[in-house]
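Q: My structure is in input_9.cif, and what it holds is mmCIF, N, CA and C atoms:
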data_upload
loop_
_atom_site.group_PDB
_atom_site.id
_atom_site.type_symbol
_atom_site.label_atom_id
_atom_site.label_comp_id
_atom_site.auth_asym_id
_atom_site.auth_seq_id
_atom_site.Cartn_x
_atom_site.Cartn_y
_atom_site.Cartn_z
ATOM 1 N N MET A 1 25.523 -115.201 15.650
ATOM 2 C CA MET A 1 26.549 -114.327 16.148
ATOM 3 C C MET A 1 26.159 -113.837 17.534
ATOM 4 N N THR A 2 27.038 -113.965 18.479
ATOM 5 C CA THR A 2 26.785 -113.550 19.849
ATOM 6 C C THR A 2 27.282 -112.124 20.049
ATOM 7 N N VAL A 3 26.418 -111.293 20.625
ATOM 8 C CA VAL A 3 26.793 -109.923 20.908
ATOM 9 C C VAL A 3 27.430 -109.898 22.284
ATOM 10 N N LYS A 4 28.575 -109.260 22.360
ATOM 11 C CA LYS A 4 29.303 -109.204 23.624
ATOM 12 C C LYS A 4 28.678 -108.164 24.551
ATOM 13 N N LYS A 5 28.427 -108.584 25.770
ATOM 14 C CA LYS A 5 27.924 -107.668 26.788
ATOM 15 C C LYS A 5 29.110 -107.128 27.573
ATOM 16 N N SER A 6 28.964 -105.894 28.006
ATOM 17 C CA SER A 6 30.007 -105.315 28.843
ATOM 18 C C SER A 6 29.359 -104.767 30.103
ATOM 19 N N SER A 7 30.155 -104.626 31.136
ATOM 20 C CA SER A 7 29.686 -104.039 32.386
ATOM 21 C C SER A 7 30.040 -102.562 32.387
ATOM 22 N N VAL A 8 29.054 -101.737 32.712
ATOM 23 C CA VAL A 8 29.256 -100.293 32.733
ATOM 24 C C VAL A 8 28.791 -99.776 34.086
ATOM 25 N N LYS A 9 29.668 -99.028 34.740
ATOM 26 C CA LYS A 9 29.310 -98.447 36.027
ATOM 27 C C LYS A 9 28.727 -97.058 35.791
ATOM 28 N N VAL A 10 27.533 -96.835 36.337
ATOM 29 C CA VAL A 10 26.870 -95.538 36.214
ATOM 30 C C VAL A 10 26.463 -95.069 37.610
ATOM 31 N N GLU A 11 26.156 -93.779 37.701
ATOM 32 C CA GLU A 11 25.705 -93.227 38.971
ATOM 33 C C GLU A 11 24.411 -92.459 38.741
ATOM 34 N N ILE A 12 23.411 -92.793 39.553
ATOM 35 C CA ILE A 12 22.120 -92.124 39.487
ATOM 36 C C ILE A 12 21.742 -91.715 40.900
ATOM 37 N N LEU A 13 21.542 -90.431 41.088
ATOM 38 C CA LEU A 13 21.212 -89.865 42.403
ATOM 39 C C LEU A 13 22.227 -90.283 43.473
ATOM 40 N N GLY A 14 23.487 -90.297 43.103
ATOM 41 C CA GLY A 14 24.551 -90.601 44.053
ATOM 42 C C GLY A 14 24.744 -92.077 44.338
ATOM 43 N N GLU A 15 23.962 -92.942 43.723
ATOM 44 C CA GLU A 15 24.108 -94.379 43.908
ATOM 45 C C GLU A 15 24.746 -94.991 42.671
ATOM 46 N N SER A 16 25.685 -95.906 42.894
ATOM 47 C CA SER A 16 26.369 -96.556 41.782
ATOM 48 C C SER A 16 25.643 -97.830 41.384
ATOM 49 N N TYR A 17 25.591 -98.050 40.081
ATOM 50 C CA TYR A 17 24.992 -99.256 39.521
ATOM 51 C C TYR A 17 25.945 -99.808 38.472
ATOM 52 N N VAL A 18 26.083 -101.119 38.446
ATOM 53 C CA VAL A 18 26.849 -101.763 37.389
ATOM 54 C C VAL A 18 25.835 -102.446 36.475
ATOM 55 N N LEU A 19 25.807 -102.012 35.234
ATOM 56 C CA LEU A 19 24.844 -102.530 34.271
ATOM 57 C C LEU A 19 25.543 -103.404 33.249
ATOM 58 N N ARG A 20 24.979 -104.576 32.978
ATOM 59 C CA ARG A 20 25.489 -105.441 31.898
ATOM 60 C C ARG A 20 24.641 -105.145 30.684
ATOM 61 N N THR A 21 25.304 -104.733 29.618
ATOM 62 C CA THR A 21 24.562 -104.291 28.447
ATOM 63 C C THR A 21 25.320 -104.583 27.165
ATOM 64 N N GLU A 22 24.553 -104.680 26.078
ATOM 65 C CA GLU A 22 25.136 -104.847 24.751
ATOM 66 C C GLU A 22 25.423 -103.491 24.121
ATOM 67 N N ALA A 23 24.874 -102.438 24.691
ATOM 68 C CA ALA A 23 25.071 -101.083 24.158
ATOM 69 C C ALA A 23 26.490 -100.606 24.455
ATOM 70 N N ALA A 24 26.923 -99.627 23.685
ATOM 71 C CA ALA A 24 28.244 -99.035 23.912
ATOM 72 C C ALA A 24 28.270 -98.375 25.287
ATOM 73 N N PRO A 25 29.399 -98.470 25.990
ATOM 74 C CA PRO A 25 29.490 -97.853 27.318
ATOM 75 C C PRO A 25 29.138 -96.364 27.319
ATOM 76 N N GLU A 26 29.552 -95.636 26.276
ATOM 77 C CA GLU A 26 29.255 -94.206 26.196
ATOM 78 C C GLU A 26 27.748 -93.973 26.124
ATOM 79 N N HIS A 27 27.073 -94.831 25.373
ATOM 80 C CA HIS A 27 25.614 -94.718 25.252
ATOM 81 C C HIS A 27 24.951 -94.983 26.607
ATOM 82 N N THR A 28 25.381 -96.033 27.274
ATOM 83 C CA THR A 28 24.800 -96.396 28.570
ATOM 84 C C THR A 28 25.010 -95.280 29.585
ATOM 85 N N ARG A 29 26.206 -94.705 29.596
ATOM 86 C CA ARG A 29 26.473 -93.594 30.525
ATOM 87 C C ARG A 29 25.609 -92.380 30.194
ATOM 88 N N ALA A 30 25.448 -92.084 28.912
ATOM 89 C CA ALA A 30 24.622 -90.942 28.503
ATOM 90 C C ALA A 30 23.167 -91.142 28.909
ATOM 91 N N VAL A 31 22.665 -92.357 28.762
ATOM 92 C CA VAL A 31 21.285 -92.666 29.164
ATOM 93 C C VAL A 31 21.128 -92.484 30.673
ATOM 94 N N ALA A 32 22.079 -92.998 31.442
ATOM 95 C CA ALA A 32 22.024 -92.866 32.904
ATOM 96 C C ALA A 32 22.109 -91.393 33.317
ATOM 97 N N GLU A 33 22.950 -90.623 32.650
ATOM 98 C CA GLU A 33 23.068 -89.194 32.958
ATOM 99 C C GLU A 33 21.764 -88.462 32.647
ATOM 100 N N HIS A 34 21.116 -88.832 31.549
ATOM 101 C CA HIS A 34 19.840 -88.211 31.193
ATOM 102 C C HIS A 34 18.782 -88.524 32.256
ATOM 103 N N LEU A 35 18.732 -89.770 32.687
ATOM 104 C CA LEU A 35 17.784 -90.155 33.731
ATOM 105 C C LEU A 35 18.084 -89.412 35.026
ATOM 106 N N ASP A 36 19.354 -89.346 35.404
ATOM 107 C CA ASP A 36 19.754 -88.647 36.631
ATOM 108 C C ASP A 36 19.315 -87.179 36.568
ATOM 109 N N ARG A 37 19.569 -86.518 35.427
ATOM 110 C CA ARG A 37 19.172 -85.108 35.270
ATOM 111 C C ARG A 37 17.658 -84.955 35.365
ATOM 112 N N SER A 38 16.925 -85.872 34.738
ATOM 113 C CA SER A 38 15.460 -85.788 34.759
ATOM 114 C C SER A 38 14.912 -85.936 36.170
ATOM 115 N N ILE A 39 15.433 -86.895 36.911
ATOM 116 C CA ILE A 39 14.969 -87.097 38.299
ATOM 117 C C ILE A 39 15.321 -85.884 39.145
ATOM 118 N N ARG A 40 16.556 -85.402 39.007
ATOM 119 C CA ARG A 40 16.976 -84.233 39.796
ATOM 120 C C ARG A 40 16.133 -82.998 39.473
ATOM 121 N N GLN A 41 15.770 -82.830 38.212
ATOM 122 C CA GLN A 41 14.943 -81.694 37.815
ATOM 123 C C GLN A 41 13.575 -81.771 38.493
ATOM 124 N N ILE A 42 13.011 -82.959 38.543
ATOM 125 C CA ILE A 42 11.716 -83.133 39.210
ATOM 126 C C ILE A 42 11.851 -82.882 40.713
ATOM 127 N N LEU A 43 12.912 -83.408 41.311
ATOM 128 C CA LEU A 43 13.128 -83.194 42.746
ATOM 129 C C LEU A 43 13.354 -81.717 43.068
ATOM 130 N N SER A 44 14.028 -80.995 42.181
ATOM 131 C CA SER A 44 14.317 -79.584 42.447
ATOM 132 C C SER A 44 13.073 -78.712 42.344
ATOM 133 N N GLY A 45 12.021 -79.227 41.709
ATOM 134 C CA GLY A 45 10.766 -78.487 41.615
ATOM 135 C C GLY A 45 10.081 -78.329 42.955
ATOM 136 N N GLY A 46 10.400 -79.206 43.880
ATOM 137 C CA GLY A 46 9.874 -79.099 45.230
ATOM 138 C C GLY A 46 8.529 -79.758 45.463
ATOM 139 N N ALA A 47 7.810 -80.123 44.415
ATOM 140 C CA ALA A 47 6.485 -80.716 44.602
ATOM 141 C C ALA A 47 6.583 -82.190 44.994
ATOM 142 N N VAL A 48 7.701 -82.838 44.650
ATOM 143 C CA VAL A 48 7.888 -84.258 44.947
ATOM 144 C C VAL A 48 9.113 -84.389 45.838
ATOM 145 N N ILE A 49 8.955 -85.144 46.913
ATOM 146 C CA ILE A 49 10.079 -85.323 47.840
ATOM 147 C C ILE A 49 10.660 -86.725 47.734
ATOM 148 N N GLU A 50 9.815 -87.726 47.545
ATOM 149 C CA GLU A 50 10.285 -89.111 47.514
ATOM 150 C C GLU A 50 10.986 -89.383 46.186
ATOM 151 N N THR A 51 12.171 -90.000 46.266
ATOM 152 C CA THR A 51 12.938 -90.264 45.053
ATOM 153 C C THR A 51 12.264 -91.307 44.168
ATOM 154 N N ASN A 52 11.563 -92.274 44.778
ATOM 155 C CA ASN A 52 10.896 -93.273 43.942
ATOM 156 C C ASN A 52 9.768 -92.646 43.115
ATOM 157 N N ARG A 53 9.055 -91.680 43.681
ATOM 158 C CA ARG A 53 8.012 -90.971 42.933
ATOM 159 C C ARG A 53 8.649 -90.113 41.835
ATOM 160 N N ALA A 54 9.758 -89.473 42.170
ATOM 161 C CA ALA A 54 10.459 -88.649 41.176
ATOM 162 C C ALA A 54 10.953 -89.523 40.031
ATOM 163 N N ALA A 55 11.428 -90.727 40.343
ATOM 164 C CA ALA A 55 11.903 -91.644 39.300
ATOM 165 C C ALA A 55 10.758 -92.063 38.381
ATOM 166 N N ILE A 56 9.587 -92.312 38.959
ATOM 167 C CA ILE A 56 8.421 -92.690 38.146
ATOM 168 C C ILE A 56 7.996 -91.522 37.266
ATOM 169 N N LEU A 57 7.965 -90.324 37.820
ATOM 170 C CA LEU A 57 7.600 -89.151 37.028
ATOM 171 C C LEU A 57 8.622 -88.902 35.915
ATOM 172 N N ALA A 58 9.898 -89.101 36.213
ATOM 173 C CA ALA A 58 10.942 -88.946 35.192
ATOM 174 C C ALA A 58 10.760 -89.990 34.094
ATOM 175 N N ALA A 59 10.448 -91.219 34.481
ATOM 176 C CA ALA A 59 10.223 -92.276 33.490
ATOM 177 C C ALA A 59 9.033 -91.935 32.602
ATOM 178 N N LEU A 60 7.977 -91.389 33.182
ATOM 179 C CA LEU A 60 6.812 -90.983 32.391
ATOM 180 C C LEU A 60 7.167 -89.841 31.438
ATOM 181 N N GLN A 61 7.946 -88.890 31.917
ATOM 182 C CA GLN A 61 8.356 -87.761 31.086
ATOM 183 C C GLN A 61 9.231 -88.233 29.921
ATOM 184 N N ILE A 62 10.192 -89.106 30.200
ATOM 185 C CA ILE A 62 11.085 -89.623 29.161
ATOM 186 C C ILE A 62 10.304 -90.474 28.164
ATOM 187 N N THR A 63 9.356 -91.263 28.646
ATOM 188 C CA THR A 63 8.526 -92.080 27.755
ATOM 189 C C THR A 63 7.666 -91.186 26.865
ATOM 190 N N SER A 64 7.155 -90.103 27.411
ATOM 191 C CA SER A 64 6.384 -89.148 26.618
ATOM 192 C C SER A 64 7.257 -88.559 25.513
ATOM 193 N N GLU A 65 8.495 -88.203 25.849
ATOM 194 C CA GLU A 65 9.431 -87.675 24.846
ATOM 195 C C GLU A 65 9.673 -88.714 23.748
ATOM 196 N N LEU A 66 9.818 -89.976 24.137
ATOM 197 C CA LEU A 66 10.025 -91.057 23.168
ATOM 198 C C LEU A 66 8.837 -91.167 22.219
ATOM 199 N N PHE A 67 7.625 -91.157 22.766
ATOM 200 C CA PHE A 67 6.424 -91.259 21.939
ATOM 201 C C PHE A 67 6.315 -90.070 20.980
ATOM 202 N N GLU A 68 6.624 -88.868 21.465
ATOM 203 C CA GLU A 68 6.585 -87.686 20.608
ATOM 204 C C GLU A 68 7.611 -87.803 19.483
ATOM 205 N N ALA A 69 8.804 -88.307 19.796
ATOM 206 C CA ALA A 69 9.837 -88.476 18.774
ATOM 207 C C ALA A 69 9.413 -89.520 17.749
ATOM 208 N N ARG A 70 8.785 -90.598 18.194
ATOM 209 C CA ARG A 70 8.293 -91.615 17.265
ATOM 210 C C ARG A 70 7.233 -91.042 16.331
ATOM 211 N N ASP A 71 6.322 -90.257 16.901
ATOM 212 C CA ASP A 71 5.274 -89.636 16.079
ATOM 213 C C ASP A 71 5.891 -88.692 15.051
ATOM 214 N N ALA A 72 6.852 -87.878 15.485
ATOM 215 C CA ALA A 72 7.513 -86.951 14.576
ATOM 216 C C ALA A 72 8.252 -87.712 13.479
ATOM 217 N N ASN A 73 8.889 -88.816 13.848
ATOM 218 C CA ASN A 73 9.598 -89.637 12.869
ATOM 219 C C ASN A 73 8.617 -90.207 11.848
ATOM 220 N N GLY A 74 7.489 -90.695 12.309
ATOM 221 C CA GLY A 74 6.475 -91.236 11.403
ATOM 222 C C GLY A 74 5.954 -90.177 10.444
ATOM 223 N N THR A 75 5.751 -88.970 10.953
ATOM 224 C CA THR A 75 5.299 -87.864 10.110
ATOM 225 C C THR A 75 6.349 -87.528 9.058
ATOM 226 N N LEU A 76 7.600 -87.505 9.474
ATOM 227 C CA LEU A 76 8.695 -87.206 8.548
ATOM 228 C C LEU A 76 8.831 -88.292 7.483
ATOM 229 N N VAL A 77 8.734 -89.541 7.891
ATOM 230 C CA VAL A 77 8.824 -90.652 6.932
ATOM 231 C C VAL A 77 7.689 -90.555 5.912
ATOM 232 N N SER A 78 6.483 -90.272 6.375
ATOM 233 C CA SER A 78 5.341 -90.142 5.462
ATOM 234 C C SER A 78 5.551 -88.994 4.482
ATOM 235 N N ALA A 79 6.051 -87.881 4.981
ATOM 236 C CA ALA A 79 6.295 -86.731 4.107
ATOM 237 C C ALA A 79 7.360 -87.062 3.065
ATOM 238 N N MET A 80 8.414 -87.752 3.477
ATOM 239 C CA MET A 80 9.480 -88.121 2.540
ATOM 240 C C MET A 80 8.962 -89.095 1.483
ATOM 241 N N GLN A 81 8.122 -90.040 1.900
ATOM 242 C CA GLN A 81 7.557 -90.985 0.932
ATOM 243 C C GLN A 81 6.639 -90.268 -0.048
ATOM 244 N N GLY A 82 5.894 -89.288 0.425
ATOM 245 C CA GLY A 82 5.034 -88.504 -0.453
ATOM 246 C C GLY A 82 5.853 -87.705 -1.462
ATOM 247 N N LEU A 83 6.927 -87.082 -0.992
ATOM 248 C CA LEU A 83 7.806 -86.333 -1.898
ATOM 249 C C LEU A 83 8.454 -87.252 -2.923
ATOM 250 N N SER A 84 8.857 -88.422 -2.468
ATOM 251 C CA SER A 84 9.472 -89.398 -3.379
ATOM 252 C C SER A 84 8.496 -89.801 -4.475
ATOM 253 N N ALA A 85 7.237 -90.017 -4.103
ATOM 254 C CA ALA A 85 6.212 -90.380 -5.094
ATOM 255 C C ALA A 85 5.981 -89.228 -6.065
ATOM 256 N N ASP A 86 5.977 -87.993 -5.553
ATOM 257 C CA ASP A 86 5.800 -86.824 -6.412
ATOM 258 C C ASP A 86 6.943 -86.701 -7.416
ATOM 259 N N ILE A 87 8.152 -86.900 -6.948
ATOM 260 C CA ILE A 87 9.329 -86.800 -7.822
ATOM 261 C C ILE A 87 9.326 -87.932 -8.839
ATOM 262 N N ARG A 88 8.948 -89.132 -8.399
ATOM 263 C CA ARG A 88 8.922 -90.286 -9.307
ATOM 264 C C ARG A 88 7.993 -90.017 -10.497
ATOM 265 N N ARG A 89 6.859 -89.341 -10.247
ATOM 266 C CA ARG A 89 5.917 -89.024 -11.333
ATOM 267 C C ARG A 89 6.525 -88.060 -12.354
ATOM 268 N N LEU A 90 7.494 -87.254 -11.919
ATOM 269 C CA LEU A 90 8.134 -86.295 -12.815
ATOM 270 C C LEU A 90 9.235 -86.917 -13.671
ATOM 271 N N LEU A 91 9.672 -88.113 -13.300
ATOM 272 C CA LEU A 91 10.732 -88.789 -14.055
ATOM 273 C C LEU A 91 10.185 -89.357 -15.357
ATOM 274 N N PRO A 92 11.061 -89.517 -16.341
ATOM 275 C CA PRO A 92 10.630 -90.193 -17.570
ATOM 276 C C PRO A 92 10.183 -91.614 -17.225
ATOM 277 N N PRO A 93 9.214 -92.158 -17.943
ATOM 278 C CA PRO A 93 8.677 -93.494 -17.631
ATOM 279 C C PRO A 93 9.753 -94.574 -17.487
ATOM 280 N N ALA A 94 10.792 -94.531 -18.297
ATOM 281 C CA ALA A 94 11.835 -95.556 -18.239
ATOM 282 C C ALA A 94 12.627 -95.490 -16.924
ATOM 283 N N LYS A 95 12.647 -94.330 -16.301
ATOM 284 C CA LYS A 95 13.421 -94.153 -15.059
ATOM 285 C C LYS A 95 12.592 -94.378 -13.797
ATOM 286 N N ARG A 96 11.298 -94.447 -13.915
ATOM 287 C CA ARG A 96 10.438 -94.538 -12.732
ATOM 288 C C ARG A 96 10.660 -95.807 -11.938
ATOM 289 N N ASP A 97 10.797 -96.951 -12.607
ATOM 290 C CA ASP A 97 11.003 -98.205 -11.883
ATOM 291 C C ASP A 97 12.378 -98.263 -11.247
ATOM 292 N N SER A 98 13.391 -97.729 -11.925
ATOM 293 C CA SER A 98 14.745 -97.783 -11.381
ATOM 294 C C SER A 98 14.928 -96.784 -10.246
ATOM 295 N N ALA A 99 13.983 -95.884 -10.077
ATOM 296 C CA ALA A 99 14.086 -94.883 -9.019
ATOM 297 C C ALA A 99 13.391 -95.310 -7.739
ATOM 298 N N SER A 100 12.925 -96.556 -7.718
ATOM 299 C CA SER A 100 12.214 -96.982 -6.510
ATOM 300 C C SER A 100 13.167 -96.994 -5.332
ATOM 301 N N VAL A 101 12.677 -96.476 -4.253
ATOM 302 C CA VAL A 101 13.445 -96.358 -3.023
ATOM 303 C C VAL A 101 12.858 -97.310 -2.007
ATOM 304 N N PRO A 102 13.691 -98.075 -1.321
ATOM 305 C CA PRO A 102 13.146 -98.997 -0.318
ATOM 306 C C PRO A 102 12.434 -98.224 0.784
ATOM 307 N N ALA A 103 11.408 -98.829 1.325
ATOM 308 C CA ALA A 103 10.654 -98.210 2.413
ATOM 309 C C ALA A 103 11.545 -98.040 3.631
ATOM 310 N N VAL A 104 11.355 -96.946 4.327
ATOM 311 C CA VAL A 104 12.108 -96.658 5.543
ATOM 312 C C VAL A 104 11.381 -97.276 6.721
ATOM 313 N N PRO A 105 12.056 -98.120 7.515
ATOM 314 C CA PRO A 105 11.362 -98.721 8.674
ATOM 315 C C PRO A 105 11.016 -97.661 9.700
ATOM 316 N N GLU A 106 9.865 -97.825 10.312
ATOM 317 C CA GLU A 106 9.436 -96.853 11.329
ATOM 318 C C GLU A 106 9.826 -97.338 12.693
#
What is this file in structure tokens?

A:
Amino acid sequence: MTVKKSSVKVEILGESYVLRTEAAPEHTRAVAEHLDRSIRQILSGGAVIETNRAAILAALQITSELFEARDANGTLVSAMQGLSADIRRLLPPAKRDSASVPAVPE
């Protein structure tokens, strides 16, 4: 099955870009807006003047947020699996096998 790509026009720091993507246009615009806000926030701090440096710092900040979210997700998945195992032990023996829950992908 072929996924249809669409062209989405976005604006980052006053420059227009046309992106070909498989993602929904609304998603692509939201991502571009988030990047634009992050770069502008760094530029408004006054410590960085060059936009290319601000873009790199924004990319590092966004990547850090991604890693933190992944870690939090992994912690949550582990906690849910632990609770599921605890609850399974409380079920009658005949119900324990039928209560198996598929693993959640991380």

Q: Between A:Ala58, A:Leu66, A:Pro92, A:His27, which has the minimum distance to Ile42 (chain A) (counting all atoms listed in the file)?

A: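 For Ile42 (chain A), the nearest of the candidates is A:Ala58.
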
Q: Can you tell me, as a list in words, what residues are no more than 9 Å from Arg37 (chain A) when counting only C-alpha atoms, ignoring any on the same chain fewer than 4 positions away?

A: Ile12, Leu13, Ala32, Glu33, Gln41 and Ile42 of chain A

Q: Would you give me, as a ChimeraX atom specification, the residues in region 9-98 of chain A that DSSP reads as helix (DSSP H, G or I)?

A: /A:25-44,51-90,93-96

Q: Using CA of Pro25 (chain A) and CA of Thr51 (chain A) as the two end points, give the distance in Å to one decimal.

A: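 Pair CA of Pro25 (chain A) / CA of Thr51 (chain A) returns 25.4 Å.
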
Q: Just the number, please: distance in Å from CA of Ala24 (chain A) to atom N of Glu11 (chain A), one decimal.

A: 14.9 Å

Q: Would you kindly translate the PyMOL selection byres ((chain A and resi 19) around 6.5) into the concrete residues it picks from this file, as a count of residues only?

A: 9

Q: So how far away is CA of Arg88 (chain A) from atom C of Asp71 (chain A), in Å?

A: 24.6 Å

Q: Near Leu57 (chain A), counting only C-alpha atoms, which residues have an atom at most 9 Å away, once you skip same-chain residues fewer than 5 positions from it, shown as a count of residues only?

A: 5

Q: Once 8 Å is added on each side, what centre and edge lengths in Å to one decimal does the axis-aligned box around all listed atoms of region 51-61 of chain A have, as lines of an AutoDock Vina configuration file?

A:
center_x = 9.9
center_y = -90.5
center_z = 38.1
size_x = 22.1
size_y = 21.5
size_z = 32.3

Q: Run DSSP on the backbone of this structure and report the residues of chain A it assigns to strand (DSSP E), as a list in words.

A: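 Matching residues for strand (DSSP E) in chain A are Ser6, Ser7, Val8, Lys9, Val10, Glu11, Ile12, Glu15, Ser16, Tyr17, Val18, Leu19, Arg20 and Thr21 of chain A.
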